[in-house]
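First comes the structure, then the notes that go with it.
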Amino acid sequence: MNCDKNKELIQLYVDGELDREKEAYIFTHLSGCNECRLFFRTLNTISLNIRKEEFPNELETRIFNSLIEKETKLKNKFFTKAFVRAVSYAAALFLLVASIFLYGQVNDYKLITVGMNQQIKSQAQTIDLLYNTLPPTVVQAKFNHEIIVRAKM
Ligand SMILES: [Zn+2]
């Protein structure tokens with residue numbers, strides 16, 4: 001078995017640079033090879049100790065950046081929420097004003113209609129009165145286009 005190649009893979013695994021497929025292969029190999037298992041254990045212990053001692057600057061920067069990013073996202077979210085809230089309040093206010101205005105319009109029309117109805121009623125009463133005060137008439141038409149209208153008394 002080519003354990004030099006496997007040790008390279010173990011090195012990559014410990015550095016976190018091994019892909020999933022090879023990871024499965026190397027674990028299978030470790031279960032059956034004492035030499036590689038010892039190499040893995042040693043390398044892993046060293047790696048863990050190094051990680052404990054060194055806190056890489058890059059990591060600090062990454063954490064800091066991600067915090068800033070999160071804060072910005074939160075701020076943006078807040079602004080978006082505030083904006084949406086403002087827009088919905090404005091829309092509600094607009095609808096309220098519009099409905100008050102339309103209600104006024106409808107009321108005006110209603111008043112106009114009532115007034116017109118009264119006018120029509122009084123005109124009908126006048127026509128009735130005039131019609132009833134006129135004496136009944138008899139209308140006769142003759143063949144020579146002569147029309148005779150006579151009051152029936
Ligand atoms: Zn091996």
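Residue numbering restarts at 1 for every chain of the structure tokens, chains are lettered A, B, ... in their displayed order, and ligands are numbered from 1 as they appear.
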Taking only C-alpha atoms and all ligand atoms into account, which residues are within 12 Å of ligand 1, as a compact mmCIF listing (two decimals) with C-alpha atoms, in the first residue's frame?
```txt
# COMPACT_ATOMS: atom_id res chain seq x y z
CA MET A 1 0.00 0.00 0.00
CA ASN A 2 1.29 3.46 -0.86
CA CYS A 3 1.29 5.09 2.57
CA ASP A 4 3.32 8.14 1.49
CA LYS A 5 0.42 9.15 -0.70
CA ASN A 6 -1.99 8.44 2.16
CA LYS A 7 0.10 10.55 4.53
CA GLU A 8 -0.18 13.43 2.07
CA LEU A 9 -3.96 13.01 2.15
CA ILE A 10 -3.89 12.93 5.96
CA TYR A 25 -11.27 6.93 1.65
CA ILE A 26 -8.69 8.09 4.20
CA PHE A 27 -10.88 7.13 7.15
CA THR A 28 -11.36 3.68 5.69
CA HIS A 29 -7.61 3.41 5.30
CA LEU A 30 -6.98 4.65 8.87
CA SER A 31 -9.18 1.92 10.27
CA GLY A 32 -6.84 -0.66 8.79
CA CYS A 33 -3.35 0.92 8.89
CA ASN A 34 -1.54 1.42 12.20
CA GLU A 35 1.29 3.46 10.70
CA CYS A 36 -1.06 5.98 9.12
CA ARG A 37 -3.21 6.08 12.26
CA LEU A 38 -0.15 7.00 14.33
CA PHE A 39 0.82 9.65 11.75
CA PHE A 40 -2.70 11.04 11.82
```
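DSSP secondary structure from the backbone places Thr137, Val138, Val139, Gln140, Ala141, Ile147, Ile148, Val149, Arg150 and Ala151 of chain A of chain A in strand (DSSP E).
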Tell me which protein, DNA and RNA residues are within 12 Å of A:Arg51, counting only C-alpha atoms, leaving out same-chain ones fewer than 6 positions away, and put them as a list in words. Val14, Asp15, Asn44, Thr45 and Leu59 of chain A
What would the file look like if the residues just selected were written as a PDB file, in the first residue's frame with C-alpha atoms?
```
ATOM      1  CA  VAL A  14      -5.692  17.964   9.056  1.00  0.00           C
ATOM      2  CA  ASP A  15      -5.294  21.269   7.199  1.00  0.00           C
ATOM      3  CA  ASN A  44      -3.699  16.085  14.597  1.00  0.00           C
ATOM      4  CA  THR A  45      -2.253  16.696  18.084  1.00  0.00           C
ATOM      5  CA  LEU A  59      -9.410  35.148  11.736  1.00  0.00           C
TER       6      LEU A  59
END
```
Could you pull out the residues in chain A that DSSP calls helix (DSSP H, G or I) from the backbone, as an MDAnalysis selection string? chainID A and resid 3:14 20:30 34:53 57:133
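We find atom CA of A:Ala151 and atom CA of A:Leu130 to be spaced 14.8 Å apart.
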Coordinates-based distance that separates atom CA of A:Val138 from atom CA of A:Lys152 (Å, one decimal): 6.6 Å
Separation of atom CA of A:Gln11 from atom CA of A:Arg41 in Å: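 Between atom CA of A:Arg41 and atom CA of A:Gln11 the gap works out to 10.9 Å.
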